[in-house]
Structures are given as C-alpha cells and as structure tokens.
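This is target_34.cif (mmCIF, C-alpha atoms and all ligand atoms).
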```cif
data_final
#
loop_
_atom_site.label_atom_id
_atom_site.label_comp_id
_atom_site.auth_asym_id
_atom_site.auth_seq_id
_atom_site.Cartn_x
_atom_site.Cartn_y
_atom_site.Cartn_z
CA MET A 1 -5.85 -2.60 38.66
CA ASP A 2 -2.11 -2.08 39.03
CA ALA A 3 -0.82 -0.20 35.99
CA ASN A 4 2.10 -2.63 35.67
CA SER A 5 -0.27 -5.55 35.20
CA GLN A 6 -1.34 -3.92 31.94
CA GLN A 7 2.21 -4.16 30.58
CA ILE A 8 2.77 -6.73 27.85
CA LYS A 9 5.94 -8.28 26.48
CA ALA A 10 7.53 -6.70 23.41
CA THR A 11 8.39 -10.20 22.08
CA TYR A 12 11.02 -9.75 19.35
CA LYS A 13 12.72 -6.78 17.80
CA PRO A 14 11.05 -6.22 14.39
CA LYS A 15 13.30 -6.71 11.35
CA VAL A 16 11.02 -5.37 8.65
CA PHE A 17 8.74 -2.94 10.46
CA ASN A 18 10.11 0.62 10.30
CA ASN A 19 13.22 -0.61 8.46
CA SER A 20 14.24 1.57 5.52
CA GLU A 21 16.39 -1.21 4.01
CA SER A 22 13.42 -3.44 3.20
CA PHE A 23 9.77 -3.47 2.18
CA ILE A 24 6.97 -6.02 1.69
CA GLU A 25 6.45 -7.76 -1.66
CA GLY A 26 3.20 -6.38 -3.02
CA TRP A 27 1.38 -3.78 -5.12
CA TYR A 28 2.80 -0.24 -5.10
CA TRP A 29 1.56 2.89 -6.80
CA VAL A 30 3.87 4.18 -9.53
CA ILE A 31 2.46 7.25 -11.34
CA LEU A 32 -0.93 8.68 -12.25
CA SER A 33 -2.50 7.22 -15.39
CA ASN A 34 -2.87 10.71 -16.88
CA ASP A 35 0.87 11.25 -16.61
CA LEU A 36 1.63 8.60 -19.23
CA GLY A 37 0.21 9.12 -22.72
CA ILE A 38 0.11 6.62 -25.59
CA GLY A 39 3.60 6.18 -27.05
CA GLU A 40 5.22 7.94 -24.10
CA ILE A 41 8.14 6.51 -22.12
CA LYS A 42 9.56 7.75 -18.81
CA PRO A 43 12.29 6.88 -16.27
CA ILE A 44 11.13 6.11 -12.72
CA THR A 45 12.84 5.09 -9.52
CA LEU A 46 10.70 3.04 -7.17
CA LEU A 47 11.77 1.58 -3.84
CA GLY A 48 15.36 2.18 -4.88
CA ARG A 49 15.10 0.32 -8.20
CA GLU A 50 15.49 2.08 -11.55
CA LEU A 51 12.80 1.32 -14.10
CA ALA A 52 11.37 2.51 -17.41
CA ILE A 53 7.62 2.79 -18.03
CA TYR A 54 5.82 3.17 -21.34
CA ARG A 55 2.34 2.96 -22.84
CA GLY A 56 1.91 1.17 -26.16
CA GLN A 57 -0.57 1.93 -28.93
CA ASP A 58 -2.91 -0.66 -27.36
CA LYS A 59 -2.97 1.63 -24.25
CA GLN A 60 -1.36 -1.09 -22.13
CA VAL A 61 1.35 -0.02 -19.70
CA VAL A 62 4.69 -1.84 -19.60
CA ILE A 63 7.21 -1.45 -16.77
CA CYS A 64 10.69 -2.89 -17.28
CA ASP A 65 14.13 -2.61 -15.74
CA ALA A 66 15.80 0.60 -16.78
CA TYR A 67 18.97 -0.65 -18.44
CA CYS A 68 19.26 -2.37 -21.81
CA PRO A 69 20.54 -5.97 -21.54
CA HIS A 70 22.94 -5.30 -24.46
CA MET A 71 25.22 -2.55 -23.14
CA GLY A 72 23.25 -0.77 -20.45
CA ALA A 73 21.71 2.25 -22.19
CA HIS A 74 18.82 3.71 -20.22
CA LEU A 75 15.71 2.48 -21.99
CA SER A 76 13.70 5.60 -21.18
CA GLU A 77 15.82 7.23 -23.92
CA GLY A 78 14.33 4.74 -26.37
CA ILE A 79 11.31 4.89 -28.68
CA VAL A 80 7.92 3.21 -28.36
CA GLU A 81 7.07 1.50 -31.67
CA GLY A 82 3.52 0.16 -31.62
CA ASN A 83 3.48 -1.87 -28.43
CA GLU A 84 7.22 -2.47 -28.41
CA LEU A 85 10.26 -0.63 -27.18
CA ARG A 86 13.37 0.15 -29.22
CA CYS A 87 16.61 0.98 -27.41
CA ALA A 88 18.03 4.35 -28.49
CA PHE A 89 21.64 3.14 -28.67
CA HIS A 90 21.93 0.14 -31.06
CA HIS A 91 18.20 -0.16 -31.78
CA TRP A 92 17.53 -3.58 -30.27
CA LYS A 93 13.78 -4.05 -29.94
CA PHE A 94 11.80 -5.68 -27.07
CA ASN A 95 8.14 -6.64 -27.00
CA ALA A 96 5.70 -6.00 -24.12
CA ASP A 97 6.84 -9.23 -22.42
CA GLY A 98 10.44 -8.04 -22.59
CA ILE A 99 11.46 -10.58 -25.24
CA CYS A 100 14.08 -9.35 -27.69
CA VAL A 101 12.39 -9.43 -31.13
CA GLU A 102 14.90 -7.58 -33.29
CA ILE A 103 18.62 -6.85 -33.47
CA PRO A 104 19.22 -4.75 -36.60
CA CYS A 105 22.69 -6.13 -37.38
CA LEU A 106 21.61 -9.80 -36.99
CA GLU A 107 19.20 -11.84 -39.07
CA GLU A 108 17.73 -13.45 -35.93
CA PRO A 109 17.43 -11.82 -32.50
CA LEU A 110 19.25 -13.42 -29.58
CA SER A 111 17.27 -15.43 -27.08
CA LEU A 112 17.15 -12.97 -24.22
CA LYS A 113 14.57 -11.21 -22.13
CA LEU A 114 14.39 -7.81 -20.56
CA LYS A 115 12.96 -7.96 -17.03
CA THR A 116 9.35 -6.72 -16.98
CA TRP A 117 7.01 -6.38 -13.99
CA PRO A 118 3.27 -7.09 -13.52
CA THR A 119 1.21 -3.89 -13.73
CA ILE A 120 -2.41 -2.86 -13.19
CA GLU A 121 -4.15 0.42 -13.87
CA LYS A 122 -6.92 1.28 -11.41
CA TYR A 123 -8.33 4.27 -9.48
CA GLY A 124 -6.54 6.56 -12.00
CA ILE A 125 -3.15 5.15 -10.97
CA ILE A 126 -0.59 2.74 -12.45
CA TRP A 127 0.48 0.05 -9.97
CA ILE A 128 3.34 -2.44 -10.02
CA TRP A 129 3.74 -5.85 -8.35
CA THR A 130 7.28 -6.08 -6.97
CA GLY A 131 7.59 -9.86 -7.42
CA GLU A 132 7.23 -12.40 -10.23
CA ILE A 133 3.51 -13.27 -10.06
CA PRO A 134 0.93 -11.32 -8.01
CA ARG A 135 -0.13 -13.46 -5.06
CA GLU A 136 -2.93 -11.24 -3.78
CA SER A 137 -5.21 -8.59 -5.21
CA LEU A 138 -4.66 -4.90 -5.62
CA PRO A 139 -5.68 -2.99 -2.46
CA PHE A 140 -9.40 -2.21 -2.34
CA VAL A 141 -11.87 -0.78 0.18
CA PRO A 142 -13.36 -3.94 1.79
CA GLU A 143 -16.66 -2.20 2.56
CA LEU A 144 -17.10 -1.44 -1.17
CA GLU A 145 -16.00 -4.84 -2.48
CA PHE A 146 -19.48 -5.84 -3.68
CA GLN A 147 -20.81 -2.37 -4.49
CA GLU A 148 -20.57 0.01 -7.40
CA TRP A 149 -18.31 2.91 -6.54
CA GLU A 150 -16.55 5.89 -8.04
CA SER A 151 -13.26 7.45 -7.04
CA VAL A 152 -11.30 10.67 -7.43
CA LEU A 153 -7.63 11.30 -6.84
CA GLY A 154 -6.75 13.51 -3.89
CA SER A 155 -3.56 15.22 -2.85
CA ARG A 156 -0.03 13.85 -2.95
CA PHE A 157 2.44 14.75 -0.19
CA VAL A 158 5.69 13.71 1.48
CA MET A 159 6.35 13.27 5.20
CA ASN A 160 9.64 12.78 7.03
CA CYS A 161 8.82 9.41 8.57
CA HIS A 162 8.74 5.76 7.58
CA PRO A 163 5.43 4.59 6.00
CA HIS A 164 4.88 2.16 8.90
CA ILE A 165 5.00 4.99 11.42
CA MET A 166 2.38 6.92 9.50
CA MET A 167 0.21 3.77 9.26
CA LEU A 168 0.19 2.83 12.92
CA ASN A 169 -1.09 6.20 14.01
CA ALA A 170 -4.54 5.33 12.64
CA ILE A 171 -4.91 2.48 15.17
CA ASP A 172 -3.09 4.04 18.10
CA THR A 173 -5.73 3.55 20.79
CA GLN A 174 -3.92 5.65 23.35
CA TYR A 175 -3.65 8.54 20.89
CA PHE A 176 -7.40 8.46 20.30
CA GLN A 177 -8.09 8.33 24.01
CA ALA A 178 -5.53 10.86 25.17
CA VAL A 179 -5.39 13.43 22.38
CA GLN A 180 -8.64 13.03 20.51
CA THR A 181 -10.59 12.07 23.68
CA LEU A 182 -12.37 9.34 21.76
CA ASP A 183 -13.32 5.99 23.27
CA ILE A 184 -11.94 3.61 20.69
CA GLY A 185 -10.59 0.06 20.67
CA PHE A 186 -10.27 -2.34 17.76
CA GLU A 187 -11.22 -5.81 16.64
CA LYS A 188 -8.84 -7.32 14.13
CA GLN A 189 -9.51 -9.63 11.23
CA GLU A 190 -7.12 -11.00 8.60
CA LEU A 191 -8.56 -10.50 5.14
CA ASN A 192 -5.71 -12.42 3.48
CA PRO A 193 -2.01 -12.99 4.27
CA ASN A 194 -1.24 -9.46 3.03
CA ALA A 195 -4.21 -7.53 4.42
CA ILE A 196 -5.44 -6.98 7.96
CA ILE A 197 -8.52 -5.07 9.14
CA PHE A 198 -8.95 -3.21 12.42
CA SER A 199 -12.56 -2.24 13.16
CA LYS A 200 -14.39 -0.28 15.81
CA TYR A 201 -18.11 -0.85 16.44
CA LYS A 202 -20.26 1.67 18.30
CA ARG A 203 -21.17 0.58 21.83
CA GLN A 204 -24.89 -0.03 22.23
CA ASN A 205 -26.96 1.01 25.23
CA HIS A 206 -29.94 -1.32 24.97
CA ASP A 207 -31.99 0.57 27.56
CA LEU A 208 -32.46 3.73 25.57
CA LEU A 209 -35.37 3.73 23.13
CA PHE A 210 -33.88 6.15 20.61
CA LYS A 211 -30.66 4.09 20.54
CA LYS A 212 -32.74 1.05 19.69
CA ILE A 213 -34.35 2.96 16.83
CA PHE A 214 -31.00 4.03 15.40
CA ARG A 215 -29.25 0.71 16.07
CA PRO A 216 -29.53 -0.48 12.43
CA LEU A 217 -27.33 2.45 11.42
CA TYR A 218 -24.52 1.10 13.59
CA LYS A 219 -24.50 -2.56 12.66
CA ASN A 220 -21.35 -2.02 10.58
CA PRO A 221 -18.12 -0.62 12.08
CA ILE A 222 -18.07 3.16 12.53
CA TYR A 223 -14.31 3.20 11.96
CA SER A 224 -12.38 0.61 10.00
CA ILE A 225 -8.83 0.41 8.64
CA CYS A 226 -7.46 -2.14 6.22
CA TYR A 227 -3.67 -2.37 5.81
CA TRP A 228 -2.31 -3.85 2.59
CA TYR A 229 1.29 -5.02 2.06
CA GLY A 230 2.49 -2.82 4.92
CA SER A 231 2.25 0.14 2.57
CA THR A 232 -1.28 1.11 1.56
CA PHE A 233 -4.30 1.47 3.77
CA THR A 234 -7.98 2.19 3.43
CA LEU A 235 -9.97 4.12 6.00
CA THR A 236 -13.76 3.92 6.37
CA VAL A 237 -15.46 6.28 8.80
CA GLY A 238 -19.13 6.98 9.58
CA THR A 239 -22.52 5.33 9.95
CA ASP A 240 -24.47 3.44 7.31
CA LEU A 241 -26.17 6.75 6.46
CA ARG A 242 -23.01 8.70 5.66
CA ARG A 243 -19.70 6.99 5.26
CA CYS A 244 -16.32 8.31 4.05
CA TYR A 245 -13.94 5.99 2.21
CA VAL A 246 -10.29 6.89 1.68
CA MET A 247 -7.26 5.03 0.38
CA LEU A 248 -3.78 6.26 1.29
CA ALA A 249 -1.23 4.67 -1.02
CA LEU A 250 2.18 4.90 0.64
CA ARG A 251 5.68 4.17 -0.55
CA LEU A 252 9.09 4.51 1.01
CA ILE A 253 11.33 7.04 -0.72
CA GLU A 254 14.97 8.15 -0.30
CA GLY A 255 15.87 9.57 3.08
CA GLU A 256 13.53 7.30 5.03
CA ARG A 257 10.50 9.34 4.02
CA VAL A 258 7.04 8.41 2.87
CA GLU A 259 5.31 9.65 -0.28
CA VAL A 260 1.53 9.46 -0.12
CA GLN A 261 -1.17 9.55 -2.80
CA THR A 262 -4.73 9.86 -1.53
CA ILE A 263 -7.77 8.44 -3.33
CA PHE A 264 -11.36 9.10 -2.26
CA PHE A 265 -14.31 6.78 -2.88
CA THR A 266 -18.09 7.02 -2.74
CA LYS A 267 -20.87 4.61 -3.55
CA LYS A 268 -22.21 5.20 -7.04
CA ARG A 269 -25.40 7.29 -6.92
CA LYS A 270 -27.61 8.30 -9.82
CA GLY A 271 -28.98 11.67 -10.94
CA LEU A 272 -28.18 15.25 -9.96
CA HIS A 273 -28.93 14.59 -6.30
CA GLY A 274 -26.53 11.64 -6.34
CA TRP A 275 -23.86 13.72 -8.04
CA LEU A 276 -24.20 16.54 -5.48
CA PHE A 277 -24.22 14.11 -2.56
CA ASN A 278 -21.15 12.30 -3.86
CA HIS A 279 -19.20 15.50 -4.27
CA PHE A 280 -20.16 16.54 -0.76
CA MET A 281 -18.92 13.17 0.56
CA LEU A 282 -15.68 13.46 -1.39
CA TRP A 283 -15.14 16.94 0.02
CA LEU A 284 -15.91 15.64 3.53
CA SER A 285 -13.45 12.73 3.11
CA ASN A 286 -10.74 15.09 1.91
CA SER A 287 -11.31 17.44 4.86
CA LEU A 288 -11.19 14.52 7.29
CA VAL A 289 -7.87 13.26 5.95
CA GLN A 290 -6.31 16.72 5.85
CA GLU A 291 -7.31 17.32 9.46
CA LEU A 292 -5.93 13.96 10.61
CA ILE A 293 -2.64 14.51 8.81
CA ASN A 294 -2.17 18.08 10.00
CA ASP A 295 -2.86 17.05 13.61
CA GLU A 296 -0.20 14.35 13.52
CA ARG A 297 2.39 15.68 11.09
CA LYS A 298 4.71 17.29 13.62
CA ILE A 299 4.75 14.37 16.08
CA LEU A 300 5.25 11.73 13.39
CA GLN A 301 8.06 13.64 11.72
CA THR A 302 10.08 14.13 14.87
CA MET A 303 9.61 10.85 16.74
CA GLN A 304 12.15 8.03 16.94
CA PHE A 305 9.87 5.01 17.06
CA ASN A 306 10.89 2.41 19.62
CA LEU A 307 8.06 0.53 21.34
CA LYS A 308 10.07 -0.54 24.39
CA THR A 309 7.24 -0.54 26.89
CA PRO A 310 4.00 -1.65 25.26
CA ILE A 311 0.93 -1.86 27.47
CA LYS A 312 -2.35 -3.62 26.80
CA VAL A 313 -3.94 -0.70 24.95
CA ASP A 314 -1.02 -0.84 22.48
CA GLN A 315 -2.29 -4.26 21.40
CA SER A 316 -3.40 -3.12 17.92
CA ILE A 317 0.02 -1.66 17.19
CA MET A 318 1.68 -4.92 18.24
CA GLN A 319 -0.72 -6.84 16.02
CA LEU A 320 0.11 -4.62 13.05
CA ILE A 321 3.85 -5.08 13.65
CA ASN A 322 3.37 -8.85 13.81
CA HIS A 323 1.32 -8.77 10.60
CA VAL A 324 4.08 -6.87 8.77
CA GLU A 325 6.80 -9.22 10.04
CA LEU A 326 4.87 -12.24 8.70
CA GLN A 327 4.99 -11.04 5.09
CA LYS A 328 7.66 -11.56 2.46
CA PRO A 329 10.37 -8.92 2.88
CA LEU A 330 12.31 -7.61 -0.12
CA THR A 331 15.46 -5.54 -0.06
CA TRP A 332 15.43 -1.86 -1.04
CA LYS A 333 16.93 -1.34 -4.53
CA SER A 334 17.60 -5.03 -5.42
CA TRP A 335 14.02 -6.26 -4.71
CA LEU A 336 15.55 -9.60 -3.71
CA LEU A 337 14.39 -11.50 -0.67
CA ALA A 338 15.71 -9.70 2.40
CA ARG A 339 18.17 -11.58 4.64
CA SER A 340 18.96 -14.13 1.91
CA PRO A 341 21.77 -14.03 -0.67
CA THR A 342 19.65 -16.06 -3.10
CA VAL A 343 17.18 -14.82 -5.66
CA GLY A 344 13.45 -15.44 -5.26
CA ARG A 345 11.88 -18.30 -3.32
CA SER A 346 14.64 -20.91 -3.11
CA PRO A 347 14.17 -23.79 -0.60
CA SER A 348 16.35 -21.94 1.92
CA SER A 349 14.32 -18.76 1.56
CA ASP A 350 11.08 -20.73 2.07
CA THR A 351 12.51 -22.17 5.27
CA GLU A 352 13.54 -18.73 6.38
CA ILE A 353 10.03 -17.34 5.80
CA LYS A 354 8.41 -20.27 7.65
CA GLU A 355 10.72 -19.82 10.63
CA ASN A 356 9.90 -16.15 10.69
CA GLN A 357 6.17 -16.83 10.53
CA THR A 358 6.40 -19.24 13.45
CA LYS A 359 8.31 -16.71 15.47
CA TRP A 360 5.92 -13.87 14.72
CA ARG A 361 2.66 -15.79 15.09
CA ASP A 362 0.32 -13.35 16.81
CA GLU A 363 -0.38 -14.47 20.34
CA LEU A 364 -2.40 -11.41 21.24
CA THR A 365 -6.17 -11.60 21.30
CA ASN A 366 -8.93 -9.05 21.12
CA ASP A 367 -9.85 -9.58 24.80
S1 LIG B 1 22.62 -0.63 -25.41
FE1 LIG B 1 20.63 -1.04 -26.08
S2 LIG B 1 20.86 -1.88 -28.02
FE2 LIG B 1 22.87 -1.52 -27.34
#
```

Any chance you could give the structure as structure tokens?
Amino acid sequence: MDANSQQIKATYKPKVFNNSESFIEGWYWVILSNDLGIGEIKPITLLGRELAIYRGQDKQVVICDAYCPHMGAHLSEGIVEGNELRCAFHHWKFNADGICVEIPCLEEPLSLKLKTWPTIEKYGIIWIWTGEIPRESLPFVPELEFQEWESVLGSRFVMNCHPHIMMLNAIDTQYFQAVQTLDIGFEKQELNPNAIIFSKYKRQNHDLLFKKIFRPLYKNPIYSICYWYGSTFTLTVGTDLRRCYVMLALRLIEGERVEVQTIFFTKKRKGLHGWLFNHFMLWLSNSLVQELINDERKILQTMQFNLKTPIKVDQSIMQLINHVELQKPLTWKSWLLARSPTVGRSPSSDTEIKENQTKWRDELTND
C-alpha cells in the first residue's frame, strides 16, 4: 500500500490540547492527606489560582479562595477554630461552607460567602473539583471498579512538558512499534464524557494447543489506559494472573511543566502470602513506571509537539486530542470558562460548548 494512502487529515487545530492557558474542568490532586493535620491551614496555588486549605476538628478538609472577602488578607494566616476558619486580620469567621458566621464588631454577621470548592480525600490524597458541582466521579482504575483493592503512594516528580504530551506517549502506537518493538494497537471506549479508555488485547492463534489452554488468561486487555479530565490516567498492564495497576495524577504547573504523583494499586489479598504478593506487585508496578518514564523523559522534555502529518497509526493520539477538545475548558488562574467573558455556564457558554462538540465529534474508527 502506498504510504501516502495511510495519511489522515489533521482536522482542526486544537485549542485546549497542549495549551498552557487552559485546562479541563475536573478533579485534580492537591496535597497528600498526611501533609494536612487536624487544625492545620496552608496556602496552595493550583492551576494558577491561589487557595487556602484546612482540616477541621471533624477531620474534614475545606478548600477556599485564598483572600478574605473583607479586605483581602491571606486566609492561610488565619486560625482554625473547630471546623471554622477565623481570618487573622479583623477576625471575621467563616464556616466550612464559606458562610460568614461572625464579625466581632457587629452584632450580626453580614450575608456573604467565601468561595469554597468541592473536595474528596481518597488514595491518601486530597482532591479538588475545579467547578461548582462535580459532574463525574473521581478518577479510578476501571479494572478494579468492582473489586476490593489497596493502594500506596509512589513518587512525585516534575517534567518539562505539558501534561497532555506526557499522556499521549502511553498510546503512541508508532513509539511502541519503532522504539519498543512491540506490536500494539488500541481499541477505544468512552467510559463517560470525561474518561476514555484505550485497550490492547493479545492476538490469539487458534491453531496452537498451548495458546488455547492459556487463552482464558488473555480474555481481558493486556494493556489498558484510562484518561480522566485530560489530566490523570490509569495504566493496567499484564495478564489475569499478574496485573499491575498504576494511577498517574498530573497537573499543569508554572512554566508549562507537569507535576506528577504516582499511586499504585493491587487487588486485596489475605494473609502473609497475600501481603508478600501485593508488595511484590507494588514493587513491580513502580519499576515499570520508572522504566517507562526514564525511557521517554528526554524526548518528551525537548519536543515541540505539532502533529502536522498524522498517519493512520496515529489514530489513538487523534482520538485522545478529540476527547480533550470535547470537554469543558477552564482558564488558567481564573478557572472561568475558556474563550468566554462570562462566568460559569451561561446560555452563550452552553452554545459555545455545543458548537465545539459538534466540530470535534470523533470521526475516526477503530478499523
Ligand atoms: S481582612 Fe479578613 S477580616 Fe478583615
């Protein structure tokens, strides 16, 4: 077949993918749970926005905008009282919903609210939803959705590339074929509007007896990636006998770089044997991720991504770009809807999202 016949059209220039001015509305990792004790308050900057985070006496985490609605003191200088937060400057007090409940020099507090954000604590990490109400779930490993599992936190590191560039490498078919000499191609499946799965099944040779015997071990994908919110992805590798599960939680940081927190999962197993096996699998998962990252680090950190000439084997990358473009984009620092001067989901912003979704509807297939 003529090589040119394999070329496909690079439809539109992406506006969100690999753009350091915007990100997808969704769940993002903030800090480790162990780094925030009861009664403790800290300043954080996430996706360009300044915030304060504290843990009340009820152990619940509250994340709010950093600056006091009275005169702008940084609230991380304040004091946690029970489950409430008192500003250090004029001692106004806000409850866990951000409602002002006390102004010392007034008999009644004013009717005002400090902006707070939805949070969840899971996998040993505190997460934030960057919109008003969470529309989809926290990222999880799809293969473990209906199983008991345990997790441990892995390493944290920074790379000099956009999160999207780091993500696409895991489904770069040509890279697997050319550099890793692996025969790999993907089937895609949308889990929900914010999550897409790319899976690889092992090819079966039905003529060989021993392959028939071992076929049950390969009925699930041997390699599967699930991308969440264009920022976090899970990786599942192996047969039904031994399978590694990893989550890489990514976030864009200053200087167009990505900060990554790894989390490793295993199925829950009982007894000493189960404990030993699980620790072996966690070690194996960690080694796998370290090897993958070290192999790719130099190329990813020096490339200037521009998919000008996609060919058919780049199909998965195109599908991932389309998937990212279909989601709700927010602007770095303001967290307002990107490309719209209005706040939140006004009628005009809804129209804008619908138009974008029509434009970016994925026309590629798995053929
Ligand atoms: S600045 Fe916070 S109470 Fe005045």

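Reported to one decimal place, the separation of CA of Ile196 in chain A from CA of Lys15 in chain A is 19.0 Å.
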
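CA of Gly72 in chain A lies 17.4 Å from CA of Pro109 in chain A.
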
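Excluding range 93-97 of chain A and any residue on its chain fewer than 2 positions from it, the residues at most 8 Å away by only C-alpha atoms are Val62, Asn83, Glu84, Leu85, Arg86, Cys87, His91, Ile99, Cys100, Val101, Glu102, Ile103, Lys113, Leu114 and Thr116 of chain A.
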
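Proximity of A:Pro14, A:Pro69, A:Gly154, A:Gly26 to ligand LIG 1 (chain B), computed with only C-alpha atoms and all ligand atoms, is greatest for A:Pro69.
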
Enumerate residues in contact with ligand LIG 1 (chain B): an atom-to-atom distance of at most 6 Å, counting only C-alpha atoms and all ligand atoms. Format the result as JSON, numbers by chain.
-> {"A": [68, 70, 71, 72, 73, 87, 89, 90, 91, 92]}

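Considering all atoms listed in the file, the residue among A:Ile126, A:Leu138, A:Leu330, A:Met318 positioned nearest to Asn192 in chain A is A:Leu138.
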
At what distance in Å, to one decimal, does CA of Arg297 in chain A lie from CA of Leu32 in chain A?
-> 24.6 Å

Among the residues A:Ser137, A:Ala170, A:Tyr123, A:Glu132, the one that comes closest to Leu292 in chain A [using all atoms listed in the file] = A:Ala170

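Minimum distance to Tyr229 in chain A across A:Leu112, A:Ile311, A:Leu288, A:Ala195 (counting all atoms listed in the file) occurs at A:Ala195.
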
10 Å contact set for Ile125 in chain A, only C-alpha atoms, chain neighbours under 3 positions out, as a ChimeraX atom specification = /A:28-35,120-122,153,261,263

Dump C-alpha atoms for the selected residues as a PDB file, keeping the file's coordinate frame?
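Here's the written file again-v3.pdb:
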```
ATOM      1  CA  TYR A  28       2.800  -0.240  -5.100  1.00  0.00           C
ATOM      2  CA  TRP A  29       1.560   2.890  -6.800  1.00  0.00           C
ATOM      3  CA  VAL A  30       3.870   4.180  -9.530  1.00  0.00           C
ATOM      4  CA  ILE A  31       2.460   7.250 -11.340  1.00  0.00           C
ATOM      5  CA  LEU A  32      -0.930   8.680 -12.250  1.00  0.00           C
ATOM      6  CA  SER A  33      -2.500   7.220 -15.390  1.00  0.00           C
ATOM      7  CA  ASN A  34      -2.870  10.710 -16.880  1.00  0.00           C
ATOM      8  CA  ASP A  35       0.870  11.250 -16.610  1.00  0.00           C
ATOM      9  CA  ILE A 120      -2.410  -2.860 -13.190  1.00  0.00           C
ATOM     10  CA  GLU A 121      -4.150   0.420 -13.870  1.00  0.00           C
ATOM     11  CA  LYS A 122      -6.920   1.280 -11.410  1.00  0.00           C
ATOM     12  CA  LEU A 153      -7.630  11.300  -6.840  1.00  0.00           C
ATOM     13  CA  GLN A 261      -1.170   9.550  -2.800  1.00  0.00           C
ATOM     14  CA  ILE A 263      -7.770   8.440  -3.330  1.00  0.00           C
TER      15      ILE A 263
END
```

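Minimum atom-to-atom distances from A:His273, A:Lys333, A:Lys42, A:Arg251 to Glu77 in chain A were compared using all atoms listed in the file, and the lowest value belongs to A:Lys42.
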
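Restricting the calculation to only C-alpha atoms, the smallest distance between Leu336 in chain A and any of A:Val80, A:Leu47, A:Leu191, A:Ile128 is found for A:Leu47.
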
So which residues are close to (-24.8, 10.0, 4.2), meaning at most 12 Å away in the file's coordinates with all atoms listed in the file counted, and can you show them as a ChimeraX atom specification?
-> /A:217,237-245,266-267,269,274,276-282,284-285

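All protein and nucleic acid residues in the vicinity of (-15.3, -3.8, -1.9), that is within 12 Å when counting all atoms listed in the file, are Ser137, Leu138, Pro139, Phe140, Val141, Pro142, Glu143, Leu144, Glu145, Phe146, Gln147, Glu148, Trp149, Glu150, Leu191, Cys226, Thr234, Thr236, Tyr245, Phe265, Thr266 and Lys267 of chain A.
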
Write out, as a CSV table (one decimal), in the coordinates of the input, the residues just selected, with C-alpha atoms.
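Generated file (out_20.csv):
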```csv
chain,number,residue,atom,x,y,z
A,137,SER,CA,-5.2,-8.6,-5.2
A,138,LEU,CA,-4.7,-4.9,-5.6
A,139,PRO,CA,-5.7,-3.0,-2.5
A,140,PHE,CA,-9.4,-2.2,-2.3
A,141,VAL,CA,-11.9,-0.8,0.2
A,142,PRO,CA,-13.4,-3.9,1.8
A,143,GLU,CA,-16.7,-2.2,2.6
A,144,LEU,CA,-17.1,-1.4,-1.2
A,145,GLU,CA,-16.0,-4.8,-2.5
A,146,PHE,CA,-19.5,-5.8,-3.7
A,147,GLN,CA,-20.8,-2.4,-4.5
A,148,GLU,CA,-20.6,0.0,-7.4
A,149,TRP,CA,-18.3,2.9,-6.5
A,150,GLU,CA,-16.6,5.9,-8.0
A,191,LEU,CA,-8.6,-10.5,5.1
A,226,CYS,CA,-7.5,-2.1,6.2
A,234,THR,CA,-8.0,2.2,3.4
A,236,THR,CA,-13.8,3.9,6.4
A,245,TYR,CA,-13.9,6.0,2.2
A,265,PHE,CA,-14.3,6.8,-2.9
A,266,THR,CA,-18.1,7.0,-2.7
A,267,LYS,CA,-20.9,4.6,-3.6
```
